[in-house]
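*Asks:* The structure under discussion is supplied below as structure tokens; questions concerning it will follow.
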Amino acid sequence: MGSALERLSAGAADLGYRAGWAGVRHAPDGPARAAFDRAGAFAGRRNGGPEQLRRNLARVLGTTGAQVPDDLVADAMRSYARYWYEAFRLPAQDLAATAETVVVPPPDQARLDAALDRGKGVVLALPHSGNWDMAGVWLVQNRGSFATVAERLKPESLFRRFVDYRESLGFEIFPLSGGEQPPFGLLAERLRAGGIVCLLGERDIARHGVPVTFFGERTRMPAGSARLAIETGAGLLPVHHWFTDAPGSQITVSNEIDVSVGVEAATQALADTFAENIAAHPADWHMLQPLWEADWSARQRDRVHGAGEST
């Protein structure tokens, strides 16, 4: 019964995303954007908003869930709705013109260019903030294509839909699992050729990450960004994307992470930079899932203990 329900749920998700890409991309921008904004605000205020989002924001603010401002939760859901609105519209947009709505200050561009000029490749690590696909569009239009990984979703048709979507934006996609080769070696090849790899870096999907302290509490973060930089000599740069007045947004490229300290310490330094940037733009951090150890389910704990301390 459970398997049938899971297949039904996966099929419904695929249908919903397909409808979003088919319908939203051709809708009038103003009314459609306003509708998503209203839906996000409603979701953020209904019954106090998503409980896990409130718990996560409480860590960012250093307070309790009850003391997280209702306006912040509503703004966070409006930001999350904006992410999906823009994702559904991007395939039909003029990508060069869209990239011009993204602001990247000259000092931040200089950090990226300095790392690229060394010819050893660059790993850009970013959290789930703003619209990481929009950040990728800016990168493709201004610095060329890059490689990244995609979580293998169910059903397979939904996974293919997301891969096709991101490839249409100019990204090179490798599956996180189930591909012909593990993605680590392929990403390393791109870096050794002087290319760019982008990885979302604050949520350990595979449960093979390393322990870090994040906003004062323990969790795990993926070790892949640090490992790739160490093994290939590539630069490791934290990146942050957040929304300004629609349709604008901004990217920050922080100082390069010193990976000579090893995987664990480099990943902790990455976590510290993520925390600084998320604290500056908490409404645009789209973390609605359990992230910290204190919030893990028994099943998640079992998966982590089974994985051990592997990186």
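Ordering of the structure tokens sets the chain letters (A, B, ...), residue numbers begin anew at 1 in every chain, and ligands are numbered from 1 in the order given.
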Find the residues around Tyr83 of chain A up to 10 Å (only C-alpha atoms counted), leave out those fewer than 2 positions away in its own chain, and share them as a PyMOL selection string.
*Replies:* chain A and resi 36+77-81+85-88+129-134+243+284+286
*Asks:* What's the 7 Å shell around segment 101-118 of chain A, counting only C-alpha atoms, without same-chain residues fewer than 5 positions away, as a PyMOL selection string?
*Replies:* chain A and resi 138+235+247-254
*Asks:* I need the residue nearest Arg301 of chain A from this list: A:Ala275, A:Leu15, A:Ala229, A:Thr219. Use only C-alpha atoms for the distance.
*Replies:*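 Answer, going by the shortest atom-to-atom distance: A:Thr219.
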*Asks:* Need the shell around Leu200 of chain A: protein/DNA/RNA residues with any atom at most 9 Å away, counting only C-alpha atoms. Skip same-chain ones fewer than 5 positions apart. Format as a list in words?
*Replies:*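 Non-adjacent residues within range: Leu124, Ala125, Leu126, Pro127, His128, Trp132, Thr148, Val149, Pro222 and Ser225 of chain A.
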*Asks:* Looking only at the backbone, which of the residues in segment 84-209 of chain A does DSSP tag as helix (DSSP H, G or I), as a ChimeraX atom specification?
*Replies:* /A:84-92,95-99,106-117,132-143,156-168,183-192
*Asks:* Using only C-alpha atoms, can you tell me which of A:Gly185, A:Val163, A:Pro31, A:Glu256 comes closest to Val123 of chain A?
*Replies:*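 Of all the options, A:Glu256 lies closest to Val123 of chain A.
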*Asks:* So which bits of segment 132-291 of chain A end up strand (DSSP E) when you DSSP the backbone, as a ChimeraX atom specification?
*Replies:* /A:147-150,172-175,196-200,210-214,217-221,235-243,249-253
*Asks:* For Ala147 of chain A, which residue among A:Arg160, A:Arg166, A:Arg33, A:His305 is the nearest when counting only C-alpha atoms?
*Replies:*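 For Ala147 of chain A, the nearest of the candidates is A:Arg166.
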*Asks:* Tell me which protein, DNA and RNA residues are within 12 Å of Glu172 of chain A, counting only C-alpha atoms, leaving out same-chain ones fewer than 6 positions away, and put them as a list in words.
*Replies:*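 Near Glu172 of chain A, the qualifying residues are Gly136, Val140, Gly144, Ser145, Phe146, Ala147, Thr148, Val149, Ala150, Val163, Asp164, Tyr165, Arg166, Pro183, Leu186, Leu187, Arg190, Gly195, Ile196, Val197 and Cys198 of chain A.
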*Asks:* Between atom CA of Ala43 of chain A and atom CA of Ala294 of chain A, what is the spacing in Å?
*Replies:*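 Interatomic distance here is 24.9 Å.
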*Asks:* Quick one: residues within 10 Å of Gly65 of chain A, only C-alpha atoms, excluding same-chain residues fewer than 6 positions away - as a list of chain:residue names?
*Replies:* A:Glu51, A:Gln52, A:Leu53, A:Arg54, A:Arg55, A:Asn56, A:Leu57, A:Ala58, A:Arg59
*Asks:* For the residues selected in the previous step, produce a file with N, CA, C and O atoms as an mmCIF file, in the first residue's frame.
*Replies:*
data_model
loop_
_atom_site.group_PDB
_atom_site.id
_atom_site.type_symbol
_atom_site.label_atom_id
_atom_site.label_comp_id
_atom_site.auth_asym_id
_atom_site.auth_seq_id
_atom_site.Cartn_x
_atom_site.Cartn_y
_atom_site.Cartn_z
ATOM 1 N N GLU A 51 6.069 24.868 10.113
ATOM 2 C CA GLU A 51 6.713 24.762 11.423
ATOM 3 C C GLU A 51 8.221 24.574 11.298
ATOM 4 O O GLU A 51 8.999 25.161 12.044
ATOM 5 N N GLN A 52 8.665 23.725 10.339
ATOM 6 C CA GLN A 52 10.101 23.491 10.215
ATOM 7 C C GLN A 52 10.830 24.739 9.739
ATOM 8 O O GLN A 52 11.945 25.027 10.193
ATOM 9 N N LEU A 53 10.217 25.496 8.849
ATOM 10 C CA LEU A 53 10.818 26.762 8.430
ATOM 11 C C LEU A 53 10.975 27.687 9.628
ATOM 12 O O LEU A 53 12.025 28.325 9.798
ATOM 13 N N ARG A 54 9.970 27.766 10.445
ATOM 14 C CA ARG A 54 10.036 28.623 11.637
ATOM 15 C C ARG A 54 11.150 28.158 12.572
ATOM 16 O O ARG A 54 11.897 28.969 13.120
ATOM 17 N N ARG A 55 11.278 26.856 12.743
ATOM 18 C CA ARG A 55 12.353 26.324 13.604
ATOM 19 C C ARG A 55 13.723 26.652 13.033
ATOM 20 O O ARG A 55 14.662 26.993 13.768
ATOM 21 N N ASN A 56 13.854 26.545 11.711
ATOM 22 C CA ASN A 56 15.142 26.842 11.092
ATOM 23 C C ASN A 56 15.485 28.329 11.212
ATOM 24 O O ASN A 56 16.636 28.695 11.503
ATOM 25 N N LEU A 57 14.509 29.185 10.981
ATOM 26 C CA LEU A 57 14.751 30.623 11.105
ATOM 27 C C LEU A 57 15.071 31.012 12.540
ATOM 28 O O LEU A 57 15.810 31.977 12.783
ATOM 29 N N ALA A 58 14.520 30.279 13.504
ATOM 30 C CA ALA A 58 14.826 30.561 14.907
ATOM 31 C C ALA A 58 16.321 30.405 15.172
ATOM 32 O O ALA A 58 16.913 31.176 15.938
ATOM 33 N N ARG A 59 16.962 29.409 14.543
ATOM 34 C CA ARG A 59 18.417 29.244 14.701
ATOM 35 C C ARG A 59 19.157 30.437 14.123
ATOM 36 O O ARG A 59 20.135 30.917 14.696
#
*Asks:* Just the number, please: distance in Å from atom CA of Leu90 of chain A to atom CA of Asp245 of chain A, one decimal.
*Replies:*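 If I compute the distance from atom CA of Leu90 of chain A to atom CA of Asp245 of chain A, I get 17.5 Å.
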